[in-house]
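Have a look at structure_18.pdb; it's PDB, C-alpha atoms:
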ATOM      1  CA  MET Q   1      10.611   8.286  11.286
ATOM      2  CA  ASN Q   2       7.874   6.996  13.587
ATOM      3  CA  MET Q   3       5.058   6.984  11.009
ATOM      4  CA  ASN Q   4       3.843   3.581   9.832
ATOM      5  CA  PHE Q   5       2.408   3.016   6.367
ATOM      6  CA  GLY Q   6      -0.303   0.418   5.824
ATOM      7  CA  LEU Q   7      -2.367  -0.914   2.940
ATOM      8  CA  ILE Q   8      -5.918  -2.286   2.745
ATOM      9  CA  ILE Q   9      -7.014  -4.083  -0.419
ATOM     10  CA  ILE Q  10     -10.756  -4.626  -0.728
ATOM     11  CA  GLY Q  11     -12.638  -6.901  -3.090
ATOM     12  CA  ASP Q  12     -13.980 -10.425  -3.476
ATOM     13  CA  GLU Q  13     -12.366 -10.584  -6.910
ATOM     14  CA  ILE Q  14      -8.906 -10.576  -5.316
ATOM     15  CA  LEU Q  15      -9.687 -13.203  -2.670
ATOM     16  CA  SER Q  16     -11.446 -15.459  -5.194
ATOM     17  CA  GLY Q  17      -8.538 -15.277  -7.626
ATOM     18  CA  LYS Q  18     -10.593 -13.740 -10.441
ATOM     19  CA  ARG Q  19      -8.103 -10.876 -10.481
ATOM     20  CA  GLN Q  20      -4.499 -10.748  -9.386
ATOM     21  CA  ASP Q  21      -3.624  -8.055  -6.874
ATOM     22  CA  LYS Q  22      -1.311  -5.378  -8.262
ATOM     23  CA  HIS Q  23      -1.543  -2.959  -5.351
ATOM     24  CA  LEU Q  24       0.829  -4.582  -2.858
ATOM     25  CA  ALA Q  25       3.875  -4.692  -5.120
ATOM     26  CA  LYS Q  26       3.228  -1.179  -6.453
ATOM     27  CA  THR Q  27       2.729   0.283  -2.983
ATOM     28  CA  ILE Q  28       6.034  -1.206  -1.853
ATOM     29  CA  GLU Q  29       7.664   0.266  -4.958
ATOM     30  CA  LEU Q  30       6.169   3.742  -4.420
ATOM     31  CA  LEU Q  31       7.179   3.816  -0.765
ATOM     32  CA  SER Q  32      10.636   2.368  -1.336
ATOM     33  CA  ALA Q  33      11.395   4.986  -3.972
ATOM     34  CA  ARG Q  34      10.864   7.564  -1.223
ATOM     35  CA  GLY Q  35      12.835   5.739   1.440
ATOM     36  CA  LEU Q  36       9.708   4.518   3.249
ATOM     37  CA  PRO Q  37       8.769   0.962   4.298
ATOM     38  CA  LEU Q  38       5.353  -0.675   4.186
ATOM     39  CA  ALA Q  39       4.492  -1.902   7.687
ATOM     40  CA  TYR Q  40       1.504  -4.140   6.893
ATOM     41  CA  ALA Q  41      -1.192  -5.055   4.372
ATOM     42  CA  ASP Q  42      -4.733  -6.385   4.876
ATOM     43  CA  TYR Q  43      -6.940  -8.121   2.308
ATOM     44  CA  VAL Q  44     -10.695  -7.861   2.854
ATOM     45  CA  GLY Q  45     -13.613  -9.204   0.840
ATOM     46  CA  ASP Q  46     -16.814  -7.321   0.048
ATOM     47  CA  ASP Q  47     -18.316  -7.842   3.488
ATOM     48  CA  PRO Q  48     -19.511  -4.561   5.033
ATOM     49  CA  GLN Q  49     -19.074  -5.670   8.636
ATOM     50  CA  ARG Q  50     -15.510  -6.831   8.050
ATOM     51  CA  ILE Q  51     -14.642  -3.728   6.010
ATOM     52  CA  THR Q  52     -16.022  -1.456   8.740
ATOM     53  CA  ALA Q  53     -13.975  -3.239  11.417
ATOM     54  CA  THR Q  54     -10.819  -3.036   9.300
ATOM     55  CA  LEU Q  55     -11.305   0.662   8.620
ATOM     56  CA  ALA Q  56     -12.064   1.378  12.276
ATOM     57  CA  ARG Q  57      -8.655  -0.113  13.153
ATOM     58  CA  ALA Q  58      -7.009   1.985  10.458
ATOM     59  CA  PHE Q  59      -8.577   5.217  11.722
ATOM     60  CA  ALA Q  60      -7.655   4.405  15.313
ATOM     61  CA  SER Q  61      -4.058   3.491  14.449
ATOM     62  CA  GLY Q  62      -2.883   6.964  13.461
ATOM     63  CA  ASP Q  63      -0.961   5.306  10.618
ATOM     64  CA  VAL Q  64      -0.934   6.436   7.009
ATOM     65  CA  VAL Q  65      -3.170   3.840   5.368
ATOM     66  CA  PHE Q  66      -4.133   3.435   1.730
ATOM     67  CA  SER Q  67      -7.432   1.670   1.054
ATOM     68  CA  CYS Q  68      -7.850   0.375  -2.502
ATOM     69  CA  GLY Q  69     -11.221  -0.598  -3.934
ATOM     70  CA  GLY Q  70     -14.931  -0.434  -3.277
ATOM     71  CA  ILE Q  71     -15.498   3.315  -3.638
ATOM     72  CA  GLY Q  72     -17.751   3.078  -6.691
ATOM     73  CA  ALA Q  73     -21.549   3.252  -6.701
ATOM     74  CA  THR Q  74     -22.598  -0.323  -7.532
ATOM     75  CA  PRO Q  75     -24.265  -2.638  -4.967
ATOM     76  CA  ASP Q  76     -20.999  -4.463  -4.243
ATOM     77  CA  ASP Q  77     -19.141  -1.226  -3.420
ATOM     78  CA  HIS Q  78     -19.273  -0.692   0.323
ATOM     79  CA  THR Q  79     -16.135   1.240   1.241
ATOM     80  CA  ARG Q  80     -17.570   4.760   1.392
ATOM     81  CA  GLN Q  81     -20.465   3.635   3.572
ATOM     82  CA  CYS Q  82     -18.203   1.557   5.802
ATOM     83  CA  ALA Q  83     -15.785   4.461   6.240
ATOM     84  CA  ALA Q  84     -18.647   6.678   7.390
ATOM     85  CA  ARG Q  85     -19.872   3.975   9.764
ATOM     86  CA  ALA Q  86     -16.384   3.443  11.197
ATOM     87  CA  LEU Q  87     -16.106   7.181  11.853
ATOM     88  CA  GLY Q  88     -19.640   7.596  13.153
ATOM     89  CA  ARG Q  89     -20.419  10.156  10.456
ATOM     90  CA  GLU Q  90     -23.068  10.661   7.782
ATOM     91  CA  LEU Q  91     -22.411  10.477   4.071
ATOM     92  CA  ALA Q  92     -22.823  13.680   2.066
ATOM     93  CA  LEU Q  93     -22.183  14.742  -1.509
ATOM     94  CA  HIS Q  94     -18.866  16.581  -1.551
ATOM     95  CA  PRO Q  95     -19.249  19.835  -3.541
ATOM     96  CA  GLN Q  96     -15.888  19.582  -5.303
ATOM     97  CA  ALA Q  97     -16.459  15.901  -6.048
ATOM     98  CA  GLU Q  98     -19.844  16.763  -7.553
ATOM     99  CA  THR Q  99     -18.226  19.336  -9.842
ATOM    100  CA  LEU Q 100     -15.570  16.859 -10.995
ATOM    101  CA  ILE Q 101     -18.053  14.053 -11.564
ATOM    102  CA  ARG Q 102     -20.323  16.328 -13.586
ATOM    103  CA  GLU Q 103     -17.312  17.438 -15.642
ATOM    104  CA  ARG Q 104     -16.516  13.797 -16.326
ATOM    105  CA  MET Q 105     -20.108  13.095 -17.406
ATOM    106  CA  GLN Q 106     -19.992  16.057 -19.785
ATOM    107  CA  ASP Q 107     -16.666  14.884 -21.190
ATOM    108  CA  PHE Q 108     -18.105  11.403 -21.700
ATOM    109  CA  ALA Q 109     -21.159  12.775 -23.478
ATOM    110  CA  ARG Q 110     -18.932  14.795 -25.835
ATOM    111  CA  GLU Q 111     -16.797  11.738 -26.534
ATOM    112  CA  LYS Q 112     -19.933   9.781 -27.467
ATOM    113  CA  GLY Q 113     -21.407  12.663 -29.470
ATOM    114  CA  VAL Q 114     -24.594  12.838 -27.402
ATOM    115  CA  ALA Q 115     -26.233  15.541 -25.308
ATOM    116  CA  TYR Q 116     -25.387  15.733 -21.611
ATOM    117  CA  GLU Q 117     -28.535  15.220 -19.538
ATOM    118  CA  PRO Q 118     -27.651  16.138 -15.938
ATOM    119  CA  ASN Q 119     -30.951  14.990 -14.451
ATOM    120  CA  ARG Q 120     -31.083  11.629 -16.202
ATOM    121  CA  SER Q 121     -31.384   8.851 -13.613
ATOM    122  CA  ASP Q 122     -28.041   7.174 -14.395
ATOM    123  CA  ASN Q 123     -26.203  10.502 -14.234
ATOM    124  CA  LEU Q 124     -27.795  11.313 -10.890
ATOM    125  CA  HIS Q 125     -26.770   7.857  -9.659
ATOM    126  CA  ARG Q 126     -23.149   8.520 -10.641
ATOM    127  CA  LEU Q 127     -23.080  11.380  -8.146
ATOM    128  CA  ASN Q 128     -23.108   8.742  -5.417
ATOM    129  CA  MET Q 129     -19.421   8.256  -6.194
ATOM    130  CA  GLY Q 130     -18.908  11.685  -4.621
ATOM    131  CA  THR Q 131     -20.750  10.991  -1.379
ATOM    132  CA  PHE Q 132     -18.090  10.763   1.301
ATOM    133  CA  PRO Q 133     -18.076  10.860   5.101
ATOM    134  CA  VAL Q 134     -18.770  14.388   6.259
ATOM    135  CA  GLY Q 135     -15.499  16.280   6.588
ATOM    136  CA  ALA Q 136     -13.637  14.190   4.001
ATOM    137  CA  GLN Q 137     -11.299  15.809   1.514
ATOM    138  CA  ILE Q 138     -10.733  14.691  -2.051
ATOM    139  CA  ILE Q 139      -7.848  12.971  -3.831
ATOM    140  CA  PRO Q 140      -7.581  14.055  -7.482
ATOM    141  CA  ASN Q 141      -7.854  11.352 -10.129
ATOM    142  CA  PRO Q 142      -5.801  12.208 -13.238
ATOM    143  CA  PHE Q 143      -7.277   9.311 -15.215
ATOM    144  CA  ASN Q 144     -10.960  10.223 -15.339
ATOM    145  CA  LYS Q 145     -11.506  13.010 -12.760
ATOM    146  CA  ILE Q 146     -13.645  10.832 -10.426
ATOM    147  CA  PRO Q 147     -11.969  11.629  -7.105
ATOM    148  CA  GLY Q 148     -11.004   9.516  -4.162
ATOM    149  CA  PHE Q 149     -11.154  10.893  -0.646
ATOM    150  CA  TYR Q 150      -9.371  10.900   2.662
ATOM    151  CA  CYS Q 151     -10.281  11.269   6.307
ATOM    152  CA  GLY Q 152      -7.378  11.982   8.587
ATOM    153  CA  SER Q 153      -4.497   9.828   7.396
ATOM    154  CA  VAL Q 154      -6.595   7.098   5.745
ATOM    155  CA  TYR Q 155      -6.726   7.500   1.970
ATOM    156  CA  PHE Q 156      -9.354   5.883  -0.258
ATOM    157  CA  VAL Q 157      -8.619   5.205  -3.937
ATOM    158  CA  PRO Q 158     -10.299   3.051  -6.600
ATOM    159  CA  GLY Q 159      -9.485  -0.599  -7.151
ATOM    160  CA  PHE Q 160      -8.279   0.076 -10.711
ATOM    161  CA  PRO Q 161      -4.464   0.274 -10.606
ATOM    162  CA  VAL Q 162      -4.332   2.776 -13.485
ATOM    163  CA  MET Q 163      -6.242   5.212 -11.275
ATOM    164  CA  ALA Q 164      -5.152   4.170  -7.810
ATOM    165  CA  HIS Q 165      -1.390   4.293  -8.208
ATOM    166  CA  PRO Q 166      -1.066   7.879  -9.511
ATOM    167  CA  MET Q 167      -3.473   8.950  -6.772
ATOM    168  CA  MET Q 168      -1.302   7.268  -4.148
ATOM    169  CA  GLU Q 169       1.758   9.016  -5.553
ATOM    170  CA  TRP Q 170      -0.076  12.337  -5.244
ATOM    171  CA  VAL Q 171      -0.855  11.621  -1.601
ATOM    172  CA  LEU Q 172       2.760  10.768  -0.795
ATOM    173  CA  ASP Q 173       4.257  13.709  -2.674
ATOM    174  CA  THR Q 174       1.677  16.196  -1.397
ATOM    175  CA  HIS Q 175       1.300  15.185   2.240
ATOM    176  CA  TYR Q 176       4.379  13.211   3.242
ATOM    177  CA  HIS Q 177       7.298  14.715   1.373
ATOM    178  CA  HIS Q 178       8.814  15.706   4.715
ATOM    179  CA  LEU Q 179       9.225  12.020   5.565
ATOM    180  CA  PHE Q 180      11.140  11.088   2.415
ATOM    181  CA  VAL Q 181      14.685   9.908   3.056
ATOM    182  CA  GLN Q 182      17.205   8.845   0.449
ATOM    183  CA  ASP Q 183      19.478   5.895   1.228
ATOM    184  CA  ALA Q 184      17.632   5.491   4.526
ATOM    185  CA  TRP Q 185      17.490   1.715   4.449
ATOM    186  CA  VAL Q 186      19.839  -0.969   3.212
ATOM    187  CA  GLU Q 187      19.970  -4.757   3.391
ATOM    188  CA  GLN Q 188      23.102  -6.880   3.196
ATOM    189  CA  SER Q 189      22.833 -10.637   3.104
ATOM    190  CA  VAL Q 190      24.721 -13.779   2.213
ATOM    191  CA  ILE Q 191      23.677 -17.241   1.053
ATOM    192  CA  VAL Q 192      24.513 -19.866   3.674
ATOM    193  CA  PHE Q 193      24.604 -23.488   2.499
ATOM    194  CA  GLY Q 194      23.863 -26.527   4.633
ATOM    195  CA  ALA Q 195      23.029 -24.696   7.865
ATOM    196  CA  MET Q 196      19.982 -24.960  10.076
ATOM    197  CA  GLU Q 197      18.202 -21.852  11.350
ATOM    198  CA  ALA Q 198      18.360 -23.130  14.917
ATOM    199  CA  SER Q 199      22.148 -23.261  14.790
ATOM    200  CA  LEU Q 200      22.302 -19.673  13.478
ATOM    201  CA  THR Q 201      19.853 -18.238  16.016
ATOM    202  CA  PRO Q 202      22.445 -17.422  18.729
ATOM    203  CA  LEU Q 203      24.511 -15.451  16.212
ATOM    204  CA  MET Q 204      21.399 -13.602  15.016
ATOM    205  CA  GLU Q 205      20.470 -12.729  18.594
ATOM    206  CA  ASP Q 206      23.999 -11.452  19.277
ATOM    207  CA  ILE Q 207      23.881  -9.205  16.197
ATOM    208  CA  GLU Q 208      20.533  -7.671  17.173
ATOM    209  CA  ARG Q 209      21.713  -7.185  20.748
ATOM    210  CA  ASP Q 210      24.941  -5.417  19.750
ATOM    211  CA  HIS Q 211      23.779  -3.436  16.703
ATOM    212  CA  ALA Q 212      20.802  -1.190  15.845
ATOM    213  CA  VAL Q 213      19.637  -3.412  12.976
ATOM    214  CA  LYS Q 214      17.139  -6.148  12.233
ATOM    215  CA  VAL Q 215      18.411  -9.597  11.338
ATOM    216  CA  PHE Q 216      16.494 -11.724   8.843
ATOM    217  CA  SER Q 217      16.652 -15.364   7.845
ATOM    218  CA  LEU Q 218      14.970 -16.621   4.682
ATOM    219  CA  PRO Q 219      15.281 -20.400   4.288
ATOM    220  CA  SER Q 220      14.651 -22.175   0.999
ATOM    221  CA  VAL Q 221      14.488 -25.903   0.302
ATOM    222  CA  ASP Q 222      14.056 -25.998  -3.473
ATOM    223  CA  HIS Q 223      15.682 -22.900  -4.950
ATOM    224  CA  ALA Q 224      16.410 -23.395  -8.654
ATOM    225  CA  GLN Q 225      19.975 -22.082  -8.353
ATOM    226  CA  TYR Q 226      21.084 -22.591  -4.752
ATOM    227  CA  GLY Q 227      18.992 -25.559  -3.650
ATOM    228  CA  HIS Q 228      18.672 -25.925   0.125
ATOM    229  CA  HIS Q 229      20.047 -22.746   1.694
ATOM    230  CA  ILE Q 230      19.386 -19.785   3.991
ATOM    231  CA  GLU Q 231      19.653 -16.152   2.982
ATOM    232  CA  LEU Q 232      20.952 -14.559   6.169
ATOM    233  CA  GLY Q 233      21.302 -10.813   6.488
ATOM    234  CA  VAL Q 234      20.835  -7.548   8.310
ATOM    235  CA  LYS Q 235      18.827  -4.457   7.436
ATOM    236  CA  GLY Q 236      18.655  -0.931   8.756
ATOM    237  CA  ALA Q 237      20.374   2.443   8.414
ATOM    238  CA  PRO Q 238      23.532   2.208   6.258
ATOM    239  CA  ALA Q 239      25.819   3.346   9.071
ATOM    240  CA  ALA Q 240      24.520   0.598  11.337
ATOM    241  CA  VAL Q 241      24.340  -2.142   8.708
ATOM    242  CA  ALA Q 242      28.028  -2.038   7.733
ATOM    243  CA  PRO Q 243      29.483  -3.053  11.147
ATOM    244  CA  ALA Q 244      26.589  -5.436  11.838
ATOM    245  CA  TYR Q 245      27.115  -7.258   8.569
ATOM    246  CA  ALA Q 246      30.859  -7.467   9.216
ATOM    247  CA  ALA Q 247      30.092  -9.054  12.592
ATOM    248  CA  LEU Q 248      27.664 -11.454  10.922
ATOM    249  CA  LEU Q 249      30.295 -12.601   8.433
ATOM    250  CA  GLN Q 250      32.834 -12.957  11.216
ATOM    251  CA  GLY Q 251      30.456 -15.145  13.199
ATOM    252  CA  LEU Q 252      29.685 -17.295  10.174
ATOM    253  CA  GLY Q 253      33.391 -17.687   9.528
ATOM    254  CA  GLN Q 254      34.007 -18.821  13.082
ATOM    255  CA  ALA Q 255      31.218 -21.368  12.638
ATOM    256  CA  HIS Q 256      32.893 -22.616   9.416
ATOM    257  CA  ALA Q 257      29.705 -21.999   7.470
ATOM    258  CA  LYS Q 258      29.769 -22.559   3.730
ATOM    259  CA  LEU Q 259      28.922 -19.224   2.129
ATOM    260  CA  GLY Q 260      27.665 -18.297  -1.302
ATOM    261  CA  PRO Q 261      26.916 -14.978  -3.047
ATOM    262  CA  GLU Q 262      26.439 -11.769  -1.101
ATOM    263  CA  MET Q 263      23.661  -9.281  -1.900
ATOM    264  CA  VAL Q 264      22.925  -5.627  -1.211
ATOM    265  CA  ARG Q 265      19.466  -4.066  -1.544
ATOM    266  CA  LYS Q 266      18.553  -0.439  -1.004
TER     267      LYS Q 266
END
Kindly transcribe the structure held in the file into structure tokens.
Amino acid sequence: MNMNFGLIIIGDEILSGKRQDKHLAKTIELLSARGLPLAYADYVGDDPQRITATLARAFASGDVVFSCGGIGATPDDHTRQCAARALGRELALHPQAETLIRERMQDFAREKGVAYEPNRSDNLHRLNMGTFPVGAQIIPNPFNKIPGFYCGSVYFVPGFPVMAHPMMEWVLDTHYHHLFVQDAWVEQSVIVFGAMEASLTPLMEDIERDHAVKVFSLPSVDHAQYGHHIELGVKGAPAAVAPAYAALLQGLGQAHAKLGPEMVRK
């Protein structure tokens, strides 16, 4: 699989700490369940120039990128406009989005027991949530019908996790099912006590040279259970990981390293 998956999370409320981001962990979970890795994630505040630059990179990358947040119709929502600017396109009311938004407004009026007034100023303003870059296609929203949109392989969903995450699942299952792989990736690692990363580097380089895997080293100085240690491991396709991990253990044994628990993650 040569396709990279990326994530953009937009909103001052995340960078200021007013709200805790829930998109990164969930995106990793959704991708991992389908045998796919997340390649990168960007956090961007509500600055139109910065959002436009970030989206321009996403469009140019050819990657599958999810953009969460900023697609509403309040003054601090800039994502739709920035997407259009990054693409050099105009914004236009999407016909299917208009239908869905009007359906939602009618549903809301029924729930409140009031008459639906389609030409009331606030209802007309809500239609701005359906103005997307020309040529965009919609992402269905099972929570309240207000759709997201996508242009190429960049997918725009709301900042609300209850809406965004089912919409992301729909994108993956609808457009990228052919990339799903079960048991495509595995990690095997071991806790190494009392070692320095510099002393382990030659062994790590040998493993990467001789095997089609990635080696990782995660040092910790104050772990509640293991104290000062390094989690040293390999990750990649299962068939490649098994011999690489055996070679790693052999090298650690020859170095008389003190080893702790071993772990496997899929």
Query - Test item: the PyMOL selection byres ((chain Q and resi 83) around 12) resolved as number ranges by chain - result: Q: 48-59, 67, 70-71, 77-82, 84-91, 131-136, 149-152, 154-156
Query - Residues matched by the PyMOL selection byres ((chain Q and resi 122-124) around 12) as a PyMOL selection string - result: chain Q and resi 73-74+93+98+101-106+108-109+116-121+125-131
Centre, edges in Å (one decimal): axis-aligned box, range 114-121 of chain Q, 6 Å padding on all six sides, as JSON:
{"center_x": -28.0, "center_y": 12.5, "center_z": -20.5, "size_x": 18.8, "size_y": 19.3, "size_z": 25.8}
List the residues matched by the PyMOL selection byres ((chain Q and resi 252) around 12) in the displayed structure as a PDB file with C-alpha atoms, in the coordinates of the input, ordered by chain and then by residue number.
ATOM      1  CA  SER Q 189      22.833 -10.637   3.104  1.00  0.00           C
ATOM      2  CA  VAL Q 190      24.721 -13.779   2.213  1.00  0.00           C
ATOM      3  CA  ILE Q 191      23.677 -17.241   1.053  1.00  0.00           C
ATOM      4  CA  VAL Q 192      24.513 -19.866   3.674  1.00  0.00           C
ATOM      5  CA  PHE Q 193      24.604 -23.488   2.499  1.00  0.00           C
ATOM      6  CA  ALA Q 195      23.029 -24.696   7.865  1.00  0.00           C
ATOM      7  CA  SER Q 199      22.148 -23.261  14.790  1.00  0.00           C
ATOM      8  CA  LEU Q 200      22.302 -19.673  13.478  1.00  0.00           C
ATOM      9  CA  THR Q 201      19.853 -18.238  16.016  1.00  0.00           C
ATOM     10  CA  PRO Q 202      22.445 -17.422  18.729  1.00  0.00           C
ATOM     11  CA  LEU Q 203      24.511 -15.451  16.212  1.00  0.00           C
ATOM     12  CA  MET Q 204      21.399 -13.602  15.016  1.00  0.00           C
ATOM     13  CA  ILE Q 207      23.881  -9.205  16.197  1.00  0.00           C
ATOM     14  CA  LEU Q 232      20.952 -14.559   6.169  1.00  0.00           C
ATOM     15  CA  GLY Q 233      21.302 -10.813   6.488  1.00  0.00           C
ATOM     16  CA  TYR Q 245      27.115  -7.258   8.569  1.00  0.00           C
ATOM     17  CA  ALA Q 246      30.859  -7.467   9.216  1.00  0.00           C
ATOM     18  CA  ALA Q 247      30.092  -9.054  12.592  1.00  0.00           C
ATOM     19  CA  LEU Q 248      27.664 -11.454  10.922  1.00  0.00           C
ATOM     20  CA  LEU Q 249      30.295 -12.601   8.433  1.00  0.00           C
ATOM     21  CA  GLN Q 250      32.834 -12.957  11.216  1.00  0.00           C
ATOM     22  CA  GLY Q 251      30.456 -15.145  13.199  1.00  0.00           C
ATOM     23  CA  GLY Q 253      33.391 -17.687   9.528  1.00  0.00           C
ATOM     24  CA  GLN Q 254      34.007 -18.821  13.082  1.00  0.00           C
ATOM     25  CA  ALA Q 255      31.218 -21.368  12.638  1.00  0.00           C
ATOM     26  CA  HIS Q 256      32.893 -22.616   9.416  1.00  0.00           C
ATOM     27  CA  ALA Q 257      29.705 -21.999   7.470  1.00  0.00           C
ATOM     28  CA  LYS Q 258      29.769 -22.559   3.730  1.00  0.00           C
ATOM     29  CA  LEU Q 259      28.922 -19.224   2.129  1.00  0.00           C
ATOM     30  CA  GLY Q 260      27.665 -18.297  -1.302  1.00  0.00           C
TER      31      GLY Q 260
END
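When only C-alpha atoms are used to measure the gap to Gly35 in chain Q, the shortest distance among Q:Gly227, Q:Trp185, Q:Lys235, Q:Glu208 belongs to Q:Trp185.
When CA of Gly72 in chain Q is paired with CA of Phe143 in chain Q, their separation reads 14.9 Å.
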